[in-house]
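Dumped my_file-v1.cif below, it's mmCIF, C-alpha atoms:
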```cif
data_structure
#
loop_
_atom_site.label_atom_id
_atom_site.label_comp_id
_atom_site.auth_asym_id
_atom_site.auth_seq_id
_atom_site.Cartn_x
_atom_site.Cartn_y
_atom_site.Cartn_z
CA ARG A 1 -1.18 -19.21 -0.64
CA PRO A 2 -1.44 -21.17 2.62
CA ASP A 3 -2.08 -24.49 0.90
CA ILE A 4 1.34 -24.51 -0.82
CA MET A 5 3.36 -22.80 1.91
CA PHE A 6 5.00 -25.93 3.33
CA ALA A 7 6.05 -27.21 -0.11
CA VAL A 8 7.38 -23.79 -1.17
CA CYS A 9 9.34 -23.36 2.06
CA ASN A 10 10.91 -26.80 1.66
CA CYS A 11 11.98 -26.01 -1.91
CA ALA A 12 13.34 -22.62 -0.87
CA ARG A 13 15.81 -24.28 1.50
CA TYR A 14 17.68 -25.74 -1.48
CA GLN A 15 17.63 -22.72 -3.80
CA ALA A 16 21.38 -22.16 -3.34
CA ASN A 17 22.22 -25.62 -4.70
CA PRO A 18 19.14 -27.15 -6.35
CA LYS A 19 19.04 -30.63 -7.85
CA GLN A 20 16.79 -32.45 -10.27
CA SER A 21 14.56 -33.70 -7.44
CA HIS A 22 13.94 -30.12 -6.32
CA LEU A 23 13.04 -29.10 -9.88
CA SER A 24 10.55 -31.96 -10.06
CA ALA A 25 9.00 -30.82 -6.77
CA VAL A 26 8.63 -27.26 -8.08
CA LYS A 27 6.97 -28.57 -11.25
CA ARG A 28 4.49 -30.48 -9.12
CA ILE A 29 3.67 -27.26 -7.27
CA PHE A 30 3.01 -25.52 -10.59
CA ARG A 31 0.82 -28.40 -11.75
CA TYR A 32 -1.18 -28.10 -8.53
CA LEU A 33 -1.60 -24.34 -9.07
CA LYS A 34 -2.70 -24.93 -12.66
CA GLY A 35 -5.34 -27.36 -11.46
CA ARG A 36 -6.71 -24.81 -8.96
CA PRO A 37 -6.45 -21.42 -10.64
CA ARG A 38 -9.32 -19.75 -8.76
CA PHE A 39 -8.64 -21.13 -5.29
CA GLY A 40 -8.17 -18.63 -2.48
CA LEU A 41 -9.14 -17.36 0.95
CA TRP A 42 -12.70 -16.36 1.73
CA TYR A 43 -13.30 -13.55 4.24
CA PRO A 44 -16.95 -13.53 5.39
CA ARG A 45 -18.19 -10.10 6.43
CA ASP A 46 -20.61 -11.39 9.08
CA SER A 47 -17.88 -13.05 11.17
CA ASN A 48 -16.80 -11.82 14.60
CA PHE A 49 -13.44 -10.25 15.52
CA ASP A 50 -12.12 -12.76 18.03
CA LEU A 51 -8.34 -13.15 17.82
CA PHE A 52 -6.93 -16.66 18.29
CA ALA A 53 -3.98 -18.66 16.98
CA PHE A 54 -2.72 -22.20 16.39
CA SER A 55 0.82 -23.49 16.84
CA ASP A 56 2.39 -26.79 15.85
CA SER A 57 5.78 -28.33 15.09
CA ASN A 58 7.23 -31.30 13.26
CA PHE A 59 9.82 -32.87 15.57
CA GLY A 60 13.00 -33.69 13.65
CA GLY A 61 11.27 -33.17 10.32
CA THR A 62 14.40 -32.12 8.42
CA ASP A 63 16.37 -35.15 7.27
CA HIS A 64 19.91 -33.82 6.87
CA ASP A 65 20.21 -31.83 10.13
CA ARG A 66 17.24 -33.24 12.15
CA LYS A 67 15.92 -29.80 13.03
CA SER A 68 12.24 -29.32 13.73
CA THR A 69 9.81 -27.12 11.83
CA SER A 70 7.74 -24.47 13.61
CA ALA A 71 4.39 -23.40 12.21
CA GLY A 72 1.58 -21.13 13.25
CA CYS A 73 -1.49 -19.34 11.96
CA GLN A 74 -3.62 -16.54 13.33
CA PHE A 75 -7.35 -15.96 12.85
CA LEU A 76 -9.56 -12.91 13.30
CA GLY A 77 -12.91 -14.59 13.64
CA ASP A 78 -13.23 -16.93 10.66
CA ARG A 79 -10.61 -15.01 8.66
CA LEU A 80 -7.08 -16.34 8.27
CA ILE A 81 -4.90 -13.22 8.43
CA SER A 82 -1.38 -14.56 9.06
CA TRP A 83 0.52 -17.85 8.77
CA GLN A 84 4.14 -18.92 9.30
CA CYS A 85 6.39 -21.88 8.54
CA LYS A 86 10.04 -21.82 9.57
CA LYS A 87 12.78 -24.29 10.41
CA GLN A 88 13.99 -23.98 13.99
CA GLN A 89 17.52 -22.70 14.53
CA THR A 90 18.57 -25.39 17.03
CA VAL A 91 17.98 -29.11 17.28
CA ALA A 92 15.22 -29.97 19.73
CA ILE A 93 15.84 -33.03 21.90
CA SER A 94 12.17 -33.69 22.65
CA THR A 95 8.75 -33.12 21.20
CA ALA A 96 7.86 -30.86 24.12
CA GLU A 97 10.81 -28.60 23.36
CA ALA A 98 9.91 -28.37 19.67
CA GLU A 99 6.30 -27.54 20.51
CA TYR A 100 7.43 -25.02 23.14
CA VAL A 101 9.63 -23.20 20.62
CA ALA A 102 6.77 -23.15 18.09
CA ALA A 103 4.35 -21.79 20.68
CA SER A 104 6.83 -19.05 21.58
CA ALA A 105 7.08 -18.01 17.92
CA ALA A 106 3.29 -17.93 17.64
CA CYS A 107 3.12 -15.87 20.83
CA SER A 108 5.46 -13.21 19.44
CA GLN A 109 3.29 -12.93 16.33
CA VAL A 110 0.12 -12.63 18.42
CA VAL A 111 1.63 -9.89 20.62
CA TRP A 112 2.66 -7.96 17.51
CA MET A 113 -0.87 -8.24 16.13
CA GLN A 114 -2.31 -7.04 19.44
CA HIS A 115 -0.21 -3.88 19.20
CA GLN A 116 -1.27 -3.33 15.58
CA LEU A 117 -4.98 -3.76 16.37
CA GLN A 118 -4.74 -1.21 19.17
CA ASP A 119 -4.32 1.47 16.50
CA TYR A 120 -7.85 0.60 15.32
CA GLY A 121 -9.32 0.78 18.81
CA LEU A 122 -9.41 -3.01 19.32
CA THR A 123 -7.94 -4.34 22.56
CA TYR A 124 -7.29 -8.05 22.94
CA LEU A 125 -6.13 -9.72 26.15
CA ASN A 126 -5.89 -13.41 26.98
CA THR A 127 -5.63 -14.33 23.31
CA THR A 128 -5.98 -18.09 22.98
CA ILE A 129 -3.15 -20.07 21.40
CA TYR A 130 -4.13 -23.65 20.66
CA CYS A 131 -1.40 -26.26 21.01
CA ASP A 132 -1.65 -30.05 20.70
CA ASN A 133 1.15 -30.87 23.18
CA ASP A 134 0.25 -30.94 26.87
CA ALA A 135 3.89 -30.95 28.03
CA ALA A 136 4.62 -27.64 26.28
CA ILE A 137 1.53 -26.09 27.86
CA GLN A 138 2.60 -27.23 31.32
CA ILE A 139 6.10 -25.78 30.81
CA VAL A 140 4.53 -22.41 30.04
CA LYS A 141 2.19 -22.51 33.01
CA ASN A 142 4.67 -23.96 35.53
CA PRO A 143 8.26 -22.65 35.38
CA VAL A 144 9.40 -25.21 37.99
CA PHE A 145 10.50 -27.70 35.31
CA HIS A 146 14.00 -26.28 35.32
CA SER A 147 15.78 -29.56 34.68
CA LYS A 148 13.84 -30.11 31.45
CA THR A 149 14.10 -26.56 30.12
CA LYS A 150 17.49 -25.24 31.28
CA HIS A 151 19.06 -25.95 27.87
CA ILE A 152 16.42 -23.91 25.99
CA ASP A 153 17.47 -20.47 24.83
CA ILE A 154 16.40 -17.52 26.98
CA LYS A 155 14.53 -15.76 24.16
CA VAL A 156 12.17 -18.72 23.88
CA HIS A 157 10.93 -18.12 27.44
CA PHE A 158 9.32 -14.91 26.19
CA ILE A 159 6.04 -16.80 26.15
CA ARG A 160 6.17 -17.25 29.93
CA ASP A 161 6.30 -13.52 30.50
CA CYS A 162 3.36 -12.98 28.15
CA PHE A 163 1.39 -15.68 29.94
CA ASP A 164 2.08 -14.12 33.36
CA ARG A 165 1.02 -10.68 32.09
CA GLY A 166 -2.26 -12.05 30.78
CA LEU A 167 -1.59 -11.32 27.13
CA ILE A 168 -2.06 -14.92 25.98
CA LYS A 169 -3.38 -18.22 27.26
CA LEU A 170 -2.69 -21.73 26.01
CA GLU A 171 -5.30 -24.41 25.48
CA GLN A 172 -4.87 -27.96 24.29
CA ILE A 173 -6.46 -29.10 21.07
CA ASP A 174 -6.63 -32.38 19.20
CA THR A 175 -3.98 -32.90 16.54
CA ASP A 176 -6.57 -33.52 13.83
CA ALA A 177 -8.21 -30.15 14.60
CA ASN A 178 -4.97 -28.16 14.63
CA ALA A 179 -4.99 -25.88 11.57
CA ALA A 180 -1.24 -25.26 11.83
CA ASP A 181 -0.57 -28.94 11.09
CA LEU A 182 -0.86 -28.10 7.38
CA PHE A 183 2.34 -26.00 7.56
CA THR A 184 4.59 -28.53 9.31
CA LYS A 185 4.60 -31.76 7.28
CA PRO A 186 3.03 -33.54 4.32
CA VAL A 187 -0.44 -34.86 5.07
CA SER A 188 -2.84 -37.20 3.35
CA ILE A 189 -5.30 -35.98 0.73
CA SER A 190 -8.31 -36.37 3.02
CA LYS A 191 -6.66 -34.47 5.87
CA PHE A 192 -5.40 -31.85 3.44
CA GLN A 193 -8.95 -31.16 2.27
CA VAL A 194 -10.18 -30.93 5.87
CA LEU A 195 -7.47 -28.45 6.86
CA VAL A 196 -7.94 -26.37 3.71
CA ASN A 197 -11.67 -26.12 4.42
CA PHE A 198 -10.87 -25.12 8.00
CA LEU A 199 -8.71 -22.27 6.67
CA LYS A 200 -11.75 -20.99 4.72
CA MET A 201 -10.15 -21.58 1.33
CA ILE A 202 -12.72 -22.03 -1.41
CA ARG A 203 -12.76 -22.39 -5.17
CA PHE A 204 -14.27 -19.38 -6.88
CA SER A 205 -16.53 -20.91 -9.52
CA ASP A 206 -17.18 -19.83 -13.10
CA TRP A 207 -20.42 -18.25 -11.92
CA ALA A 208 -18.47 -15.80 -9.76
CA ARG A 209 -16.22 -15.09 -12.72
CA PHE A 210 -19.27 -14.47 -14.91
CA VAL A 211 -20.70 -12.09 -12.30
CA GLY A 212 -17.42 -10.21 -12.22
CA LYS A 213 -17.42 -9.81 -16.01
CA PHE A 214 -21.07 -8.71 -15.95
CA VAL A 215 -20.37 -6.07 -13.31
CA HIS A 216 -17.40 -4.88 -15.34
CA LYS A 217 -19.54 -4.49 -18.47
CA VAL A 218 -22.26 -2.65 -16.55
CA PHE A 219 -19.64 -0.29 -15.17
CA ILE A 220 -18.29 0.42 -18.65
CA PHE A 221 -21.85 1.00 -19.96
CA TYR A 222 -22.68 3.55 -17.26
CA TYR A 223 -19.29 5.17 -17.74
CA PHE A 224 -20.02 5.81 -21.42
CA ILE A 225 -23.47 7.17 -20.59
CA LEU A 226 -21.98 9.56 -18.05
CA PHE A 227 -19.29 10.58 -20.53
CA SER A 228 -21.86 11.29 -23.26
CA LEU A 229 -23.98 13.35 -20.86
CA CYS A 230 -20.97 15.39 -19.82
CA THR A 231 -20.03 15.86 -23.47
CA ASN A 232 -23.53 17.06 -24.38
CA LEU A 233 -23.66 19.45 -21.47
CA GLY A 234 -20.23 20.72 -22.39
CA GLY A 235 -21.29 21.14 -26.03
CA GLU A 236 -24.38 23.13 -25.07
CA LYS A 237 -22.30 25.29 -22.79
CA TYR A 238 -19.84 25.90 -25.62
CA LYS A 239 -22.69 26.83 -27.98
CA ASN A 240 -24.07 29.32 -25.47
CA ILE A 241 -20.65 30.88 -25.00
CA LYS A 242 -20.16 31.11 -28.78
CA LYS A 243 -23.60 32.65 -29.21
CA ASN A 244 -22.88 35.28 -26.57
CA ASN A 245 -19.54 36.05 -28.18
CA THR A 246 -21.16 36.54 -31.59
CA LYS A 247 -23.73 38.91 -30.07
CA THR A 248 -21.02 40.99 -28.45
CA LEU A 249 -19.05 41.08 -31.68
CA GLU A 250 -22.13 42.24 -33.61
CA LYS A 251 -22.77 44.97 -31.06
CA GLU A 252 -19.17 46.15 -31.28
CA LYS A 253 -19.37 46.11 -35.07
CA ASN A 254 -22.58 48.12 -35.07
CA THR A 255 -21.16 50.67 -32.69
CA LYS A 256 -18.04 51.05 -34.86
CA THR A 257 -20.10 51.52 -38.03
CA SER A 258 -22.32 54.09 -36.33
CA GLU A 259 -19.28 56.04 -35.15
CA LYS A 260 -17.80 56.00 -38.68
CA GLU A 261 -21.09 57.27 -40.14
CA LYS A 262 -21.24 60.13 -37.63
CA LYS A 263 -17.65 61.03 -38.41
CA TYR A 264 -18.28 61.14 -42.19
CA LYS A 265 -21.46 63.15 -41.66
CA ASN A 266 -19.62 65.72 -39.58
CA ILE A 267 -16.95 66.02 -42.28
CA GLU A 268 -19.58 66.61 -44.99
CA ASP A 269 -21.38 69.22 -42.86
CA ASN A 270 -18.14 71.12 -42.39
CA ARG A 271 -17.49 71.08 -46.12
CA GLU A 272 -20.96 72.47 -46.88
CA MET A 273 -20.50 75.26 -44.39
CA LYS A 274 -17.23 76.24 -46.01
#
```

Would you mind writing the file's structure down as structure tokens?
Amino acid sequence: RPDIMFAVCNCARYQANPKQSHLSAVKRIFRYLKGRPRFGLWYPRDSNFDLFAFSDSNFGGTDHDRKSTSAGCQFLGDRLISWQCKKQQTVAISTAEAEYVAASAACSQVVWMQHQLQDYGLTYLNTTIYCDNDAAIQIVKNPVFHSKTKHIDIKVHFIRDCFDRGLIKLEQIDTDANAADLFTKPVSISKFQVLVNFLKMIRFSDWARFVGKFVHKVFIFYYFILFSLCTNLGGEKYKNIKKNNTKTLEKEKNTKTSEKEKKYKNIEDNREMK
């Protein structure tokens, strides 16, 4: 579930050597899940098929090694179809670098999705990736900033090639409207509710559960009706077959008796002649 992804990823980092604090955090996750048992993603059928993505990072969010956290999420219309949260492999020395690395990771995911959607006859070019850091956007658009980016790994500059080929485009967005902010750091309750609503996560009410049970009962009812009809038709067919078999047996029996009578009659006639 997207709403617990950041907490689960943080706990997973300490699964090799967990402590009591990590166990308490996992129990809080389970308490949250127990409080929202029917909470999930809603995919509206009347939405469009526009592909766009969000990228964000938490600069120096990890306490023990000061590495940043990259996050991203991809939408197909109003449907959330993919989301990521991962600690960066190297220490970023600026916010722009951390955001640039996160945008590059989101770009690789978008390009992969473009190739997958081509199998369904859907072609997407200039897919928008929303980022809340203007410096990272300028680094992608203008490769002249060599002094500020020469220490960044070569594989991260993959986003520049995609931008030059017209596969993606970057646009700036406000931090409060960035959906990927939910996967990078803890947020307040009010902001958490706003981001969860933006991801189209809703609580399926008891009414929906009642409708599901009702549909299930109706299905079982019609299934038994269909089964009884098939059984009756099969029974009638069996009766007809049995009736035909009895008729054939009676005919065979009559023919056998008639042949025996003829045979005995011939024997008696021969005796009288003698």

Using all atoms listed in the file, determine which residues lie at most 10 Å from segment 165-168 of chain A, disregarding the query and same-chain residues fewer than 3 positions distant; provide the list as JSON, numbers by chain. {"A": [52, 53, 107, 110, 111, 114, 124, 125, 126, 127, 128, 129, 159, 160, 161, 162]}

Given the file above and the PyMOL selection byres ((chain A and resi 196) around 10), which residues are selected, and can you give them as an mmCIF file with C-alpha atoms, in the frame of the given file?
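Okay, this is what ended up in out-v5.cif:
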```cif
data_model
loop_
_atom_site.group_PDB
_atom_site.id
_atom_site.type_symbol
_atom_site.label_atom_id
_atom_site.label_comp_id
_atom_site.auth_asym_id
_atom_site.auth_seq_id
_atom_site.Cartn_x
_atom_site.Cartn_y
_atom_site.Cartn_z
ATOM 1 C CA PRO A 2 -1.440 -21.170 2.620
ATOM 2 C CA ASP A 3 -2.080 -24.490 0.900
ATOM 3 C CA GLY A 40 -8.170 -18.630 -2.480
ATOM 4 C CA LEU A 41 -9.140 -17.360 0.950
ATOM 5 C CA ALA A 179 -4.990 -25.880 11.570
ATOM 6 C CA LEU A 182 -0.860 -28.100 7.380
ATOM 7 C CA LYS A 191 -6.660 -34.470 5.870
ATOM 8 C CA PHE A 192 -5.400 -31.850 3.440
ATOM 9 C CA GLN A 193 -8.950 -31.160 2.270
ATOM 10 C CA VAL A 194 -10.180 -30.930 5.870
ATOM 11 C CA LEU A 195 -7.470 -28.450 6.860
ATOM 12 C CA ASN A 197 -11.670 -26.120 4.420
ATOM 13 C CA PHE A 198 -10.870 -25.120 8.000
ATOM 14 C CA LEU A 199 -8.710 -22.270 6.670
ATOM 15 C CA LYS A 200 -11.750 -20.990 4.720
ATOM 16 C CA MET A 201 -10.150 -21.580 1.330
ATOM 17 C CA ILE A 202 -12.720 -22.030 -1.410
#
```

Take every atom of segment 26-33 of chain A listed in the file, pad by 3 Å on each side, and give me the axis-aligned box centre and edge lengths in Å, one decimal, as JSON.
```
{"center_x": 3.5, "center_y": -27.4, "center_z": -9.5, "size_x": 16.2, "size_y": 12.1, "size_z": 10.5}
```

By how many Å are atom CA of Ile29 of chain A and atom CA of Asn17 of chain A apart? 18.8 Å

Name the residues captured by the PyMOL selection byres ((chain A and resi 82-91) around 7) when it is applied to the shown file; answer as a PyMOL selection string. chain A and resi 6+66-74+80-81+92-93+183-184

Could you please take those selected residues and save C-alpha atoms as a PDB file, in the coordinates of the input?
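After the write, out22.pdb holds the following:
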```pdb
ATOM      1  CA  PHE A   6       5.000 -25.930   3.330  1.00  0.00           C
ATOM      2  CA  ARG A  66      17.240 -33.240  12.150  1.00  0.00           C
ATOM      3  CA  LYS A  67      15.920 -29.800  13.030  1.00  0.00           C
ATOM      4  CA  SER A  68      12.240 -29.320  13.730  1.00  0.00           C
ATOM      5  CA  THR A  69       9.810 -27.120  11.830  1.00  0.00           C
ATOM      6  CA  SER A  70       7.740 -24.470  13.610  1.00  0.00           C
ATOM      7  CA  ALA A  71       4.390 -23.400  12.210  1.00  0.00           C
ATOM      8  CA  GLY A  72       1.580 -21.130  13.250  1.00  0.00           C
ATOM      9  CA  CYS A  73      -1.490 -19.340  11.960  1.00  0.00           C
ATOM     10  CA  GLN A  74      -3.620 -16.540  13.330  1.00  0.00           C
ATOM     11  CA  LEU A  80      -7.080 -16.340   8.270  1.00  0.00           C
ATOM     12  CA  ILE A  81      -4.900 -13.220   8.430  1.00  0.00           C
ATOM     13  CA  ALA A  92      15.220 -29.970  19.730  1.00  0.00           C
ATOM     14  CA  ILE A  93      15.840 -33.030  21.900  1.00  0.00           C
ATOM     15  CA  PHE A 183       2.340 -26.000   7.560  1.00  0.00           C
ATOM     16  CA  THR A 184       4.590 -28.530   9.310  1.00  0.00           C
TER      17      THR A 184
END
```

Judged by all atoms listed in the file, the minimum distance to Arg79 of chain A among A:Asp65, A:Asp46, A:Asp134, A:Asp181 is found for A:Asp46

May I ask which of the residues A:Tyr100, A:Phe39, A:Trp112, A:Phe54 is the closest one to Asn178 of chain A, counting only C-alpha atoms? A:Phe54

Env of Asn133 of chain A: 10 Å cut, atoms = all atoms listed in the file, seq-sep filter 6 positions within chain, self excluded. Answer as a VMD selection string. chain A and resid 55 to 57 95 to 100 103 171 to 175

Give me, please, the distance in Å between atom CA of Ala136 of chain A and atom CA of Phe59 of chain A, quoted to one decimal.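 Straight-line distance from atom CA of Ala136 of chain A to atom CA of Phe59 of chain A works out to 13.0 Å.
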
Selection dump of the PyMOL selection byres ((chain A and resi 22-25) around 12), as a PyMOL selection string: chain A and resi 4+6-21+26-32

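The two atoms in question, atom CA of Gln109 of chain A and atom CA of Asp50 of chain A, are spaced 15.5 Å apart.
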